[in-house]
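Here is input04.cif, consisting of mmCIF, C-alpha atoms and all ligand atoms:
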```cif
data_data
#
loop_
_atom_site.group_PDB
_atom_site.id
_atom_site.type_symbol
_atom_site.label_atom_id
_atom_site.label_comp_id
_atom_site.auth_asym_id
_atom_site.auth_seq_id
_atom_site.Cartn_x
_atom_site.Cartn_y
_atom_site.Cartn_z
ATOM 1 C CA MET O 24 -16.522 -26.218 -8.116
ATOM 2 C CA GLY O 25 -17.002 -24.222 -4.937
ATOM 3 C CA ASN O 26 -18.457 -20.742 -4.687
ATOM 4 C CA PHE O 27 -16.579 -17.450 -4.830
ATOM 5 C CA LEU O 28 -16.537 -14.511 -2.467
ATOM 6 C CA LEU O 29 -16.567 -11.056 -4.033
ATOM 7 C CA VAL O 30 -15.348 -8.163 -1.901
ATOM 8 C CA THR O 31 -15.536 -4.618 -3.148
ATOM 9 C CA ILE O 32 -13.461 -2.066 -1.281
ATOM 10 C CA GLN O 33 -15.295 1.217 -1.747
ATOM 11 C CA VAL O 34 -13.062 3.721 0.016
ATOM 12 C CA ASP O 35 -9.516 4.170 1.219
ATOM 13 C CA LEU O 36 -9.729 2.117 4.372
ATOM 14 C CA TYR O 37 -8.625 3.209 7.779
ATOM 15 C CA ASP O 38 -6.129 0.739 9.194
ATOM 16 C CA ARG O 39 -8.492 -0.781 11.708
ATOM 17 C CA LEU O 40 -11.075 -1.367 8.986
ATOM 18 C CA ALA O 41 -8.485 -3.004 6.778
ATOM 19 C CA LEU O 42 -7.470 -5.335 9.598
ATOM 20 C CA ASN O 43 -11.137 -6.144 10.242
ATOM 21 C CA LEU O 44 -11.599 -6.907 6.575
ATOM 22 C CA GLU O 45 -8.680 -9.307 6.692
ATOM 23 C CA ALA O 46 -10.096 -11.146 9.703
ATOM 24 C CA ASP O 47 -13.688 -11.174 8.415
ATOM 25 C CA LEU O 48 -12.716 -12.404 5.007
ATOM 26 C CA VAL O 49 -10.607 -15.270 6.268
ATOM 27 C CA GLN O 50 -13.459 -16.262 8.543
ATOM 28 C CA MET O 51 -15.893 -16.127 5.623
ATOM 29 C CA VAL O 52 -13.659 -18.340 3.499
ATOM 30 C CA ASN O 53 -13.514 -20.803 6.334
ATOM 31 C CA LYS O 54 -17.266 -20.735 6.990
ATOM 32 C CA THR O 55 -18.467 -20.899 3.397
ATOM 33 C CA GLY O 56 -15.774 -23.180 2.066
ATOM 34 C CA ALA O 57 -15.372 -20.761 -0.833
ATOM 35 C CA LYS O 58 -12.782 -21.819 -3.375
ATOM 36 C CA GLY O 59 -12.062 -18.332 -4.668
ATOM 37 C CA VAL O 60 -11.840 -14.770 -3.369
ATOM 38 C CA LEU O 61 -12.182 -11.761 -5.653
ATOM 39 C CA ILE O 62 -11.112 -8.429 -4.202
ATOM 40 C CA ASP O 63 -12.233 -5.460 -6.258
ATOM 41 C CA ILE O 64 -9.981 -2.473 -5.516
ATOM 42 C CA SER O 65 -11.056 -0.285 -8.437
ATOM 43 C CA ALA O 66 -12.195 2.431 -6.001
ATOM 44 C CA VAL O 67 -8.934 2.395 -4.047
ATOM 45 C CA SER O 68 -6.622 5.239 -5.008
ATOM 46 C CA ILE O 69 -3.696 4.506 -2.677
ATOM 47 C CA VAL O 70 -2.112 1.158 -1.851
ATOM 48 C CA ASP O 71 0.839 1.599 0.482
ATOM 49 C CA SER O 72 2.927 -1.128 2.107
ATOM 50 C CA PHE O 73 0.358 -1.554 4.867
ATOM 51 C CA MET O 74 -2.555 -2.115 2.508
ATOM 52 C CA GLY O 75 -0.366 -4.268 0.286
ATOM 53 C CA ARG O 76 0.489 -6.449 3.231
ATOM 54 C CA ILE O 77 -3.188 -6.862 4.129
ATOM 55 C CA ILE O 78 -3.959 -8.017 0.594
ATOM 56 C CA GLY O 79 -1.012 -10.423 0.705
ATOM 57 C CA ASN O 80 -2.164 -11.787 4.059
ATOM 58 C CA ILE O 81 -5.661 -12.408 2.766
ATOM 59 C CA ALA O 82 -4.217 -14.311 -0.170
ATOM 60 C CA SER O 83 -1.843 -16.458 1.863
ATOM 61 C CA MET O 84 -4.367 -17.273 4.570
ATOM 62 C CA SER O 85 -7.019 -18.115 1.982
ATOM 63 C CA LYS O 86 -4.497 -20.380 0.328
ATOM 64 C CA ILE O 87 -4.085 -22.293 3.554
ATOM 65 C CA LEU O 88 -7.865 -22.715 3.544
ATOM 66 C CA ASP O 89 -7.597 -23.964 -0.035
ATOM 67 C CA ALA O 90 -8.974 -20.844 -1.736
ATOM 68 C CA GLU O 91 -7.367 -18.772 -4.491
ATOM 69 C CA THR O 92 -7.329 -14.957 -4.412
ATOM 70 C CA VAL O 93 -7.519 -12.595 -7.359
ATOM 71 C CA VAL O 94 -7.294 -8.822 -7.042
ATOM 72 C CA VAL O 95 -9.218 -6.985 -9.734
ATOM 73 C CA GLY O 96 -9.486 -3.428 -11.002
ATOM 74 C CA MET O 97 -6.206 -2.035 -9.717
ATOM 75 C CA GLN O 98 -5.868 1.510 -11.081
ATOM 76 C CA PRO O 99 -2.884 1.878 -13.456
ATOM 77 C CA ALA O 100 -1.360 4.645 -11.335
ATOM 78 C CA VAL O 101 -1.550 2.386 -8.292
ATOM 79 C CA ALA O 102 0.069 -0.505 -10.159
ATOM 80 C CA ILE O 103 2.962 1.650 -11.378
ATOM 81 C CA THR O 104 3.458 3.152 -7.927
ATOM 82 C CA LEU O 105 3.550 -0.274 -6.268
ATOM 83 C CA ILE O 106 6.314 -1.393 -8.621
ATOM 84 C CA GLU O 107 8.391 1.691 -7.876
ATOM 85 C CA LEU O 108 7.778 1.358 -4.167
ATOM 86 C CA GLY O 109 9.130 -2.169 -4.528
ATOM 87 C CA LEU O 110 6.172 -3.971 -3.031
ATOM 88 C CA PRO O 111 5.795 -7.460 -4.393
ATOM 89 C CA LEU O 112 2.207 -8.657 -4.082
ATOM 90 C CA LYS O 113 3.490 -12.175 -3.589
ATOM 91 C CA GLY O 114 1.072 -14.961 -4.360
ATOM 92 C CA VAL O 115 -1.581 -12.502 -5.475
ATOM 93 C CA GLN O 116 -2.979 -12.808 -8.974
ATOM 94 C CA THR O 117 -4.458 -9.735 -10.622
ATOM 95 C CA ALA O 118 -7.024 -9.224 -13.364
ATOM 96 C CA LEU O 119 -8.457 -6.242 -15.194
ATOM 97 C CA ASN O 120 -12.026 -6.494 -13.954
ATOM 98 C CA VAL O 121 -14.449 -8.719 -12.070
ATOM 99 C CA GLU O 122 -15.420 -10.714 -15.146
ATOM 100 C CA ARG O 123 -11.831 -11.532 -16.090
ATOM 101 C CA GLY O 124 -11.085 -12.197 -12.453
ATOM 102 C CA MET O 125 -13.861 -14.793 -12.347
ATOM 103 C CA ASP O 126 -12.463 -16.476 -15.444
ATOM 104 C CA LEU O 127 -9.008 -16.511 -13.925
ATOM 105 C CA LEU O 128 -10.301 -18.008 -10.687
ATOM 106 C CA LYS O 129 -12.118 -20.706 -12.615
ATOM 107 C CA THR O 130 -8.994 -21.743 -14.495
ATOM 108 C CA MET O 131 -6.900 -21.619 -11.345
ATOM 109 C CA ILE O 132 -9.328 -23.884 -9.546
ATOM 110 C CA ASP O 133 -9.722 -26.244 -12.512
ATOM 111 C CA GLU O 134 -5.985 -26.633 -12.730
ATOM 112 C CA SER O 135 -5.527 -27.373 -9.080
ATOM 113 C CA PRO O 136 -3.883 -30.831 -9.280
ATOM 114 C CA ILE O 137 -4.701 -31.954 -5.755
ATOM 115 C CA GLU O 138 -8.360 -31.375 -6.338
ATOM 116 C CA ASP O 139 -8.271 -33.348 -9.581
ATOM 117 C CA GLU O 140 -6.716 -36.332 -7.875
ATOM 118 C CA GLN O 141 -9.151 -36.311 -5.037
ATOM 119 C CA GLU O 142 -12.278 -35.708 -7.004
ATOM 120 C CA TYR O 143 -11.797 -37.856 -10.052
ATOM 121 C CA PRO O 144 -9.704 -40.878 -9.102
ATOM 122 C CA GLU O 145 -11.605 -42.932 -11.684
ATOM 123 C CA ASP O 146 -10.168 -40.716 -14.440
ATOM 124 C CA ASP O 147 -6.667 -41.796 -13.586
ATOM 125 C CA PRO O 148 -5.629 -44.397 -16.157
ATOM 126 C CA PHE O 149 -2.965 -45.738 -13.813
ATOM 127 C CA ALA O 150 -5.311 -46.287 -10.921
ATOM 128 C CA GLN O 151 -6.330 -49.895 -10.385
ATOM 129 C CA MET D 20 15.868 28.833 -5.638
ATOM 130 C CA ILE D 21 12.828 27.132 -4.152
ATOM 131 C CA LEU D 22 10.150 29.448 -2.799
ATOM 132 C CA SER D 23 7.500 28.373 -0.348
ATOM 133 C CA LEU D 24 4.072 29.670 -1.407
ATOM 134 C CA SER D 25 1.910 28.203 1.313
ATOM 135 C CA LYS D 26 2.351 26.323 4.558
ATOM 136 C CA ASP D 27 0.076 24.052 6.495
ATOM 137 C CA ASN D 28 1.022 22.098 9.598
ATOM 138 C CA ILE D 29 -0.699 18.855 10.474
ATOM 139 C CA GLU D 30 -0.325 16.932 13.677
ATOM 140 C CA VAL D 31 -0.112 13.192 13.448
ATOM 141 C CA VAL D 32 -0.878 11.282 16.606
ATOM 142 C CA ARG D 33 -3.403 8.593 15.746
ATOM 143 C CA GLU D 34 -3.766 5.936 13.085
ATOM 144 C CA GLN D 35 -6.781 7.811 11.659
ATOM 145 C CA ASP D 36 -4.468 10.711 10.838
ATOM 146 C CA VAL D 37 -2.890 8.650 8.049
ATOM 147 C CA VAL D 38 -5.922 8.917 5.774
ATOM 148 C CA LEU D 39 -6.550 12.484 6.920
ATOM 149 C CA LEU D 40 -3.062 13.548 5.930
ATOM 150 C CA ARG D 41 -3.332 11.756 2.615
ATOM 151 C CA ASN D 42 -6.489 13.693 1.841
ATOM 152 C CA ARG D 43 -4.826 17.013 2.668
ATOM 153 C CA VAL D 44 -1.859 16.209 0.450
ATOM 154 C CA LYS D 45 -4.259 15.239 -2.320
ATOM 155 C CA GLU D 46 -6.075 18.595 -2.098
ATOM 156 C CA VAL D 47 -2.825 20.510 -2.400
ATOM 157 C CA ALA D 48 -1.575 18.357 -5.275
ATOM 158 C CA VAL D 49 -4.824 18.835 -7.178
ATOM 159 C CA LYS D 50 -4.635 22.572 -6.602
ATOM 160 C CA ILE D 51 -1.287 22.807 -8.398
ATOM 161 C CA LYS D 52 -2.584 20.514 -11.156
ATOM 162 C CA MET D 53 -0.275 17.629 -10.449
ATOM 163 C CA GLY D 54 -1.084 14.655 -12.694
ATOM 164 C CA LEU D 55 -2.736 11.557 -11.291
ATOM 165 C CA LEU D 56 0.347 9.335 -11.430
ATOM 166 C CA ASN D 57 2.537 11.874 -9.639
ATOM 167 C CA GLN D 58 -0.204 12.461 -7.085
ATOM 168 C CA THR D 59 -0.416 8.734 -6.442
ATOM 169 C CA LYS D 60 3.356 8.468 -6.015
ATOM 170 C CA LEU D 61 3.492 11.467 -3.678
ATOM 171 C CA ILE D 62 0.591 10.343 -1.516
ATOM 172 C CA THR D 63 1.915 6.790 -1.297
ATOM 173 C CA ALA D 64 5.320 8.101 -0.172
ATOM 174 C CA ALA D 65 3.584 10.362 2.359
ATOM 175 C CA SER D 66 1.592 7.417 3.623
ATOM 176 C CA GLU D 67 4.778 5.420 4.241
ATOM 177 C CA LEU D 68 6.482 8.269 6.082
ATOM 178 C CA VAL D 69 3.516 9.120 8.237
ATOM 179 C CA ARG D 70 3.252 5.464 9.221
ATOM 180 C CA ASN D 71 6.925 5.421 10.203
ATOM 181 C CA MET D 72 6.403 8.525 12.284
ATOM 182 C CA LEU D 73 3.493 6.913 14.133
ATOM 183 C CA ARG D 74 5.142 3.544 14.536
ATOM 184 C CA TYR D 75 8.697 4.480 15.376
ATOM 185 C CA GLY D 76 8.618 8.167 16.270
ATOM 186 C CA ASN D 77 5.635 8.327 18.644
ATOM 187 C CA GLY D 78 3.832 10.611 16.212
ATOM 188 C CA GLY D 79 4.855 14.056 15.064
ATOM 189 C CA THR D 80 3.939 16.760 12.601
ATOM 190 C CA CYS D 81 3.818 17.123 8.852
ATOM 191 C CA LEU D 82 4.409 20.459 7.189
ATOM 192 C CA ILE D 83 2.694 20.658 3.812
ATOM 193 C CA GLU D 84 4.023 23.336 1.478
ATOM 194 C CA VAL D 85 3.332 24.426 -2.047
ATOM 195 C CA VAL D 86 6.704 25.403 -3.487
ATOM 196 C CA SER D 87 7.868 26.924 -6.742
ATOM 197 C CA ARG D 88 11.103 27.062 -8.649
ATOM 198 C CA GLY D 89 10.924 29.171 -11.756
ATOM 199 C CA ARG D 90 7.872 27.940 -13.584
ATOM 200 C CA ASP D 91 7.627 24.661 -11.736
ATOM 201 C CA ASN D 92 5.275 24.088 -8.847
ATOM 202 C CA GLY D 93 5.547 21.266 -6.405
ATOM 203 C CA VAL D 94 4.507 19.901 -3.053
ATOM 204 C CA ARG D 95 7.035 19.630 -0.250
ATOM 205 C CA LEU D 96 6.290 17.574 2.829
ATOM 206 C CA THR D 97 8.387 17.657 5.986
ATOM 207 C CA PHE D 98 7.758 14.978 8.591
ATOM 208 C CA SER D 99 9.228 15.731 11.998
ATOM 209 C CA ASP D 100 9.138 13.670 15.141
ATOM 210 C CA GLN D 101 10.816 13.711 18.507
ATOM 211 C CA GLY D 102 11.141 9.965 18.734
ATOM 212 C CA PRO D 103 14.221 7.829 19.406
ATOM 213 C CA GLY D 104 15.912 8.734 16.124
ATOM 214 C CA ILE D 105 17.805 6.440 13.753
ATOM 215 C CA ALA D 106 21.365 5.401 14.622
ATOM 216 C CA ASP D 107 22.416 4.254 11.154
ATOM 217 C CA ILE D 108 20.616 6.062 8.342
ATOM 218 C CA GLY D 109 22.451 4.143 5.624
ATOM 219 C CA GLN D 110 21.135 0.915 7.042
ATOM 220 C CA ALA D 111 17.588 2.261 7.457
ATOM 221 C CA MET D 112 17.566 3.375 3.814
ATOM 222 C CA ARG D 113 18.402 -0.118 2.573
ATOM 223 C CA ASP D 114 15.638 -2.152 0.924
ATOM 224 C CA GLY D 115 14.516 -4.808 3.339
ATOM 225 C CA PHE D 116 15.955 -3.369 6.544
ATOM 226 C CA SER D 117 13.375 -3.189 9.325
ATOM 227 C CA THR D 118 13.485 -3.143 13.097
ATOM 228 C CA GLY D 119 9.726 -3.619 13.115
ATOM 229 C CA LYS D 120 9.627 -7.067 11.468
ATOM 230 C CA SER D 121 8.139 -5.429 8.411
ATOM 231 C CA LEU D 122 9.213 -5.274 4.777
ATOM 232 C CA GLY D 123 11.677 -2.420 5.183
ATOM 233 C CA LEU D 124 10.310 -0.692 2.126
ATOM 234 C CA GLY D 125 8.964 2.586 3.459
ATOM 235 C CA LEU D 126 12.109 4.726 3.393
ATOM 236 C CA PRO D 127 13.861 3.428 0.240
ATOM 237 C CA GLY D 128 10.526 3.050 -1.556
ATOM 238 C CA SER D 129 9.338 6.560 -0.819
ATOM 239 C CA LYS D 130 12.686 7.924 -1.978
ATOM 240 C CA ARG D 131 12.120 6.262 -5.349
ATOM 241 C CA LEU D 132 8.662 7.817 -5.642
ATOM 242 C CA VAL D 133 9.649 11.474 -5.290
ATOM 243 C CA ASN D 134 12.011 13.997 -6.888
ATOM 244 C CA GLU D 135 13.826 15.042 -3.748
ATOM 245 C CA PHE D 136 14.347 13.180 -0.514
ATOM 246 C CA ASP D 137 16.261 14.190 2.576
ATOM 247 C CA ILE D 138 16.511 12.492 5.941
ATOM 248 C CA LYS D 139 18.105 13.772 9.123
ATOM 249 C CA SER D 140 18.092 12.030 12.431
ATOM 250 C CA LYS D 141 19.737 12.220 15.801
ATOM 251 C CA VAL D 142 19.538 9.480 18.373
ATOM 252 C CA GLY D 143 17.505 10.638 21.337
ATOM 253 C CA GLU D 144 16.262 13.752 19.539
ATOM 254 C CA GLY D 145 14.179 12.674 16.603
ATOM 255 C CA THR D 146 13.894 12.317 12.866
ATOM 256 C CA THR D 147 13.015 14.665 10.027
ATOM 257 C CA VAL D 148 12.238 13.467 6.524
ATOM 258 C CA MET D 149 11.610 15.888 3.657
ATOM 259 C CA ILE D 150 10.181 14.880 0.301
ATOM 260 C CA LEU D 151 9.402 17.017 -2.722
ATOM 261 C CA LYS D 152 7.424 16.162 -5.822
ATOM 262 C CA TRP D 153 7.165 18.542 -8.774
ATOM 263 C CA ALA D 154 3.796 18.740 -10.484
ATOM 264 C CA ASN D 155 5.432 17.698 -13.739
ATOM 265 C CA GLY D 156 8.306 15.804 -12.162
HETATM 266 N N1 LIG Z 1 10.598 8.212 12.207
HETATM 267 C C1 LIG Z 1 11.416 7.212 12.581
HETATM 268 N N2 LIG Z 1 11.953 7.196 13.824
HETATM 269 C C2 LIG Z 1 12.776 6.185 14.205
HETATM 270 N N3 LIG Z 1 13.122 5.155 13.427
HETATM 271 C C3 LIG Z 1 12.618 5.113 12.176
HETATM 272 C C4 LIG Z 1 11.752 6.129 11.686
HETATM 273 N N4 LIG Z 1 11.414 5.823 10.404
HETATM 274 C C5 LIG Z 1 12.047 4.682 10.114
HETATM 275 N N5 LIG Z 1 12.786 4.249 11.177
HETATM 276 C C6 LIG Z 1 13.642 3.041 11.198
HETATM 277 O O1 LIG Z 1 14.044 2.717 9.880
HETATM 278 C C7 LIG Z 1 13.659 1.379 9.558
HETATM 279 C C8 LIG Z 1 13.301 1.294 8.094
HETATM 280 O O2 LIG Z 1 12.108 2.028 7.817
HETATM 281 P P1 LIG Z 1 11.194 1.608 6.595
HETATM 282 O O3 LIG Z 1 9.998 2.459 6.556
HETATM 283 O O4 LIG Z 1 12.058 1.564 5.382
HETATM 284 O O5 LIG Z 1 10.807 0.105 6.926
HETATM 285 P P2 LIG Z 1 9.723 -0.438 7.976
HETATM 286 O O6 LIG Z 1 8.841 0.647 8.455
HETATM 287 O O7 LIG Z 1 10.455 -1.222 9.005
HETATM 288 O O8 LIG Z 1 8.888 -1.437 7.058
HETATM 289 P P3 LIG Z 1 7.732 -1.019 6.008
HETATM 290 O O9 LIG Z 1 7.762 0.452 5.844
HETATM 291 O O10 LIG Z 1 8.070 -1.758 4.771
HETATM 292 O O11 LIG Z 1 6.468 -1.507 6.658
HETATM 293 C C9 LIG Z 1 12.522 1.073 10.504
HETATM 294 O O12 LIG Z 1 12.386 -0.317 10.727
HETATM 295 C C10 LIG Z 1 12.953 1.825 11.762
HETATM 296 O O13 LIG Z 1 13.899 1.102 12.484
HETATM 297 MG MG MG Z 2 7.913 1.985 7.186
#
```
Could you take the file, read its structure, and then write that structure out as structure tokens?
Amino acid sequence: MGNFLLVTIQVDLYDRLALNLEADLVQMVNKTGAKGVLIDISAVSIVDSFMGRIIGNIASMSKILDAETVVVGMQPAVAITLIELGLPLKGVQTALNVERGMDLLKTMIDESPIEDEQEYPEDDPFAQ
Amino acid sequence: MILSLSKDNIEVVREQDVVLLRNRVKEVAVKIKMGLLNQTKLITAASELVRNMLRYGNGGTCLIEVVSRGRDNGVRLTFSDQGPGIADIGQAMRDGFSTGKSLGLGLPGSKRLVNEFDIKSKVGEGTTVMILKWANG
């Protein structure tokens, strides 16, 4: 199993910083070959459509690089507001905290069928 | 009748002004003891509208007011720009409509997040969007 990247967003990011984060993170996934990305947003009090889109982009680009993304620690008020705003965080899994997020990432990566096929061909009873 | 108890005008010209404005709205909301969920809804709506103003309206101003009606206090925000305006408001208010290749959520979404929402626009003159959130709304 590959390593995970943990990113903690400490403040409400200015747009440029958020865009930098997106670019940096995708580059890090690429460089480290990480299989999972955990984004801790427990300190973020506002997620608008812009920030939501950044999170979605990180998830979809990581996916292309074969890494799963889990967002952890979303404040309840933020979660409720996002639903009312109508912003679907498509392809983004969420978990209560970092620990649960790690567990979720582990199961997601374990269950990845492509990886199973490639890594354990000898386990396949039909392979001959 | 809605009375205006305080007024504060903020100019919005740069991307950095988004977070600045959000912080000012937060201060006012806290002052009238708005709950956290309502604060979050109000500030998120404000964030959407200020982004629209920067992106489509070439920037503008936001008037922040504390208002009261009877015993209720609230925050009223009026975003005004002198940009190109919106030709078809009905279309712009629809979920998913965007001329900026975006999600088209800002206007309809912010309407859902507040108690009162009003939009006026004239092509070639500009756009004004007013939102109001009651502290206990
Ligand atoms: N202040 C404005 N001046 C001129 N046109 C505007 C203004 N605000 C919104 N519009 C128009 O209304 C459309 C819908 O706005 P809305 O905020 O709902 O979606 P968006 O900004 O395109 O996408 P999103 O907010 O989801 O990123 C915009 O695409 C734009 O054409
Ligand atoms: Mg918008």
**Message:** Taking all atoms listed in the file into account, name the residue in O:Asp63, O:Asp38, O:Asp89, O:Glu134 that is nearest to chain D.
**Reply:**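 Between O:Asp63, O:Asp38, O:Asp89, O:Glu134, the residue approaching chain D most closely is O:Asp38.
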**Prompt:** Once you count all atoms listed in the file, which residues of chain D turn out to be within 7 Å of chain O? Could you give them as number ranges by chain?
**Reply:** D: 34-35, 38, 56, 59-60, 63, 66-67, 124, 128-129, 131-132
**Message:** Using all atoms listed in the file for the distances, tell me which of D:Lys141, D:Arg88, D:Arg41, D:Lys130 is nearest to D:Leu22.
**Reply:**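 Looking at the shortest contact to D:Leu22, the residue is D:Arg88.
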**Message:** One decimal, in Å: what's the spacing between atom C1 of ligand LIG 1 (chain Z) and atom CA of D:Arg43?
**Reply:** 21.4 Å
**Request:** List all protein, DNA and RNA residues that have any atom at most 8 Å from ligand LIG 1 (chain Z), counting all atoms listed in the file, and write the list as a ChimeraX atom specification.
**Result:** /O:72-73 /D:67-68,70-76,99-100,102-105,108,110-128,140,145-148
**Prompt:** Hey, which of D:Gln58, D:Ala64, D:Glu30, D:Gly78 ends up closest to ligand MG 2 (chain Z)? Count all atoms listed in the file.
**Reply:**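 Going through D:Gln58, D:Ala64, D:Glu30, D:Gly78 one by one, the smallest distance to ligand MG 2 (chain Z) is for D:Ala64.
The shortest atom-to-atom distance to O:Leu112, with only C-alpha atoms taken into account, belongs to O:Ala82 out of O:Val95, O:Ala82, O:Gly124, O:Lys129.
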**Request:** State, in Å with one decimal place, the distance from atom CA of D:Glu46 to atom CA of D:Lys26.
**Result:**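 Answer for the atom CA of D:Glu46 to atom CA of D:Lys26 separation: 13.2 Å.
Rounded to one decimal, atom CA of O:Ile64 and atom CA of O:Val34 lie 8.9 Å from each other.
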**Request:** Step by step, work through what the PyMOL selection byres (((chain D and resi 92) around 7) and not hetatm) selects in the shown file, and finish by giving those residues as a PyMOL selection string.
**Result:** chain D and resi 51+86-88+90-91+93+153-154
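Across D:Val94, D:Val142, D:Val85, D:Ala65, the tightest approach to ligand MG 2 (chain Z) is made by D:Ala65 when counting all atoms listed in the file.
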**Item:** 8 Å contact set for D:Asn57, only C-alpha atoms, chain neighbours under 2 positions out, as a list in words
**Value:** Met53, Gly54, Leu55, Thr59, Lys60, Leu61, Lys152, Ala154, Asn155 and Gly156 of chain D
Given 8 Å of margin on each side, can you work out the centre and size in Å (one decimal) of an axis-aligned box holding every listed atom of stretch 53-71 of chain D, as lines of an AutoDock Vina configuration file?
```
center_x = 2.1
center_y = 11.5
center_z = -1.2
size_x = 25.7
size_y = 28.2
size_z = 38.9
```
**Asked** Pick from D:Gln101, D:Met20, D:Glu84, D:Val69: nearest to ligand MG 2 (chain Z), with only C-alpha atoms and all ligand atoms counted?
**Response**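 Smallest distance to ligand MG 2 (chain Z) is found for D:Val69.
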**Prompt:** Using the chain letters and numbers from the file, which residues does the PyMOL selection byres (((chain O and resi 85) around 12) and not hetatm) grab, as a PyMOL selection string?
**Reply:** chain O and resi 27-28+45-61+78-84+86-93+114-115
Please fill the gaps in stretch 121-136 of chain D so it has N, CA and C atoms, and write that as a PDB file, in the coordinates of the input.
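Wrote out22.pdb, looks like this:
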```
ATOM      1  N   SER D 121       8.966  -5.740   9.563  1.00  0.00           N
ATOM      2  CA  SER D 121       8.139  -5.429   8.411  1.00  0.00           C
ATOM      3  C   SER D 121       8.972  -5.609   7.146  1.00  0.00           C
ATOM      4  N   LEU D 122       8.528  -5.022   6.049  1.00  0.00           N
ATOM      5  CA  LEU D 122       9.213  -5.274   4.777  1.00  0.00           C
ATOM      6  C   LEU D 122      10.439  -4.386   4.570  1.00  0.00           C
ATOM      7  N   GLY D 123      10.550  -3.329   5.355  1.00  0.00           N
ATOM      8  CA  GLY D 123      11.677  -2.420   5.183  1.00  0.00           C
ATOM      9  C   GLY D 123      11.660  -1.707   3.841  1.00  0.00           C
ATOM     10  N   LEU D 124      10.478  -1.325   3.435  1.00  0.00           N
ATOM     11  CA  LEU D 124      10.310  -0.692   2.126  1.00  0.00           C
ATOM     12  C   LEU D 124      10.007   0.789   2.206  1.00  0.00           C
ATOM     13  N   GLY D 125       9.486   1.225   3.341  1.00  0.00           N
ATOM     14  CA  GLY D 125       8.964   2.586   3.459  1.00  0.00           C
ATOM     15  C   GLY D 125       9.957   3.671   3.065  1.00  0.00           C
ATOM     16  N   LEU D 126      11.140   3.661   3.672  1.00  0.00           N
ATOM     17  CA  LEU D 126      12.109   4.726   3.393  1.00  0.00           C
ATOM     18  C   LEU D 126      12.691   4.629   1.977  1.00  0.00           C
ATOM     19  N   PRO D 127      13.298   3.488   1.607  1.00  0.00           N
ATOM     20  CA  PRO D 127      13.861   3.428   0.240  1.00  0.00           C
ATOM     21  C   PRO D 127      12.788   3.557  -0.834  1.00  0.00           C
ATOM     22  N   GLY D 128      11.615   2.987  -0.578  1.00  0.00           N
ATOM     23  CA  GLY D 128      10.526   3.050  -1.556  1.00  0.00           C
ATOM     24  C   GLY D 128      10.032   4.463  -1.744  1.00  0.00           C
ATOM     25  N   SER D 129       9.857   5.202  -0.655  1.00  0.00           N
ATOM     26  CA  SER D 129       9.338   6.560  -0.819  1.00  0.00           C
ATOM     27  C   SER D 129      10.378   7.452  -1.503  1.00  0.00           C
ATOM     28  N   LYS D 130      11.651   7.157  -1.274  1.00  0.00           N
ATOM     29  CA  LYS D 130      12.686   7.924  -1.978  1.00  0.00           C
ATOM     30  C   LYS D 130      12.562   7.749  -3.495  1.00  0.00           C
ATOM     31  N   ARG D 131      12.270   6.525  -3.911  1.00  0.00           N
ATOM     32  CA  ARG D 131      12.120   6.262  -5.349  1.00  0.00           C
ATOM     33  C   ARG D 131      10.897   6.966  -5.955  1.00  0.00           C
ATOM     34  N   LEU D 132       9.922   7.271  -5.126  1.00  0.00           N
ATOM     35  CA  LEU D 132       8.662   7.817  -5.642  1.00  0.00           C
ATOM     36  C   LEU D 132       8.647   9.332  -5.794  1.00  0.00           C
ATOM     37  N   VAL D 133       9.671  10.007  -5.268  1.00  0.00           N
ATOM     38  CA  VAL D 133       9.649  11.474  -5.290  1.00  0.00           C
ATOM     39  C   VAL D 133      10.865  12.043  -6.021  1.00  0.00           C
ATOM     40  N   ASN D 134      10.886  13.363  -6.192  1.00  0.00           N
ATOM     41  CA  ASN D 134      12.011  13.997  -6.888  1.00  0.00           C
ATOM     42  C   ASN D 134      13.147  14.342  -5.941  1.00  0.00           C
ATOM     43  N   GLU D 135      12.783  14.744  -4.732  1.00  0.00           N
ATOM     44  CA  GLU D 135      13.826  15.042  -3.748  1.00  0.00           C
ATOM     45  C   GLU D 135      13.490  14.387  -2.429  1.00  0.00           C
ATOM     46  N   PHE D 136      14.535  13.907  -1.766  1.00  0.00           N
ATOM     47  CA  PHE D 136      14.347  13.180  -0.514  1.00  0.00           C
ATOM     48  C   PHE D 136      15.511  13.529   0.399  1.00  0.00           C
TER      49      PHE D 136
END
```
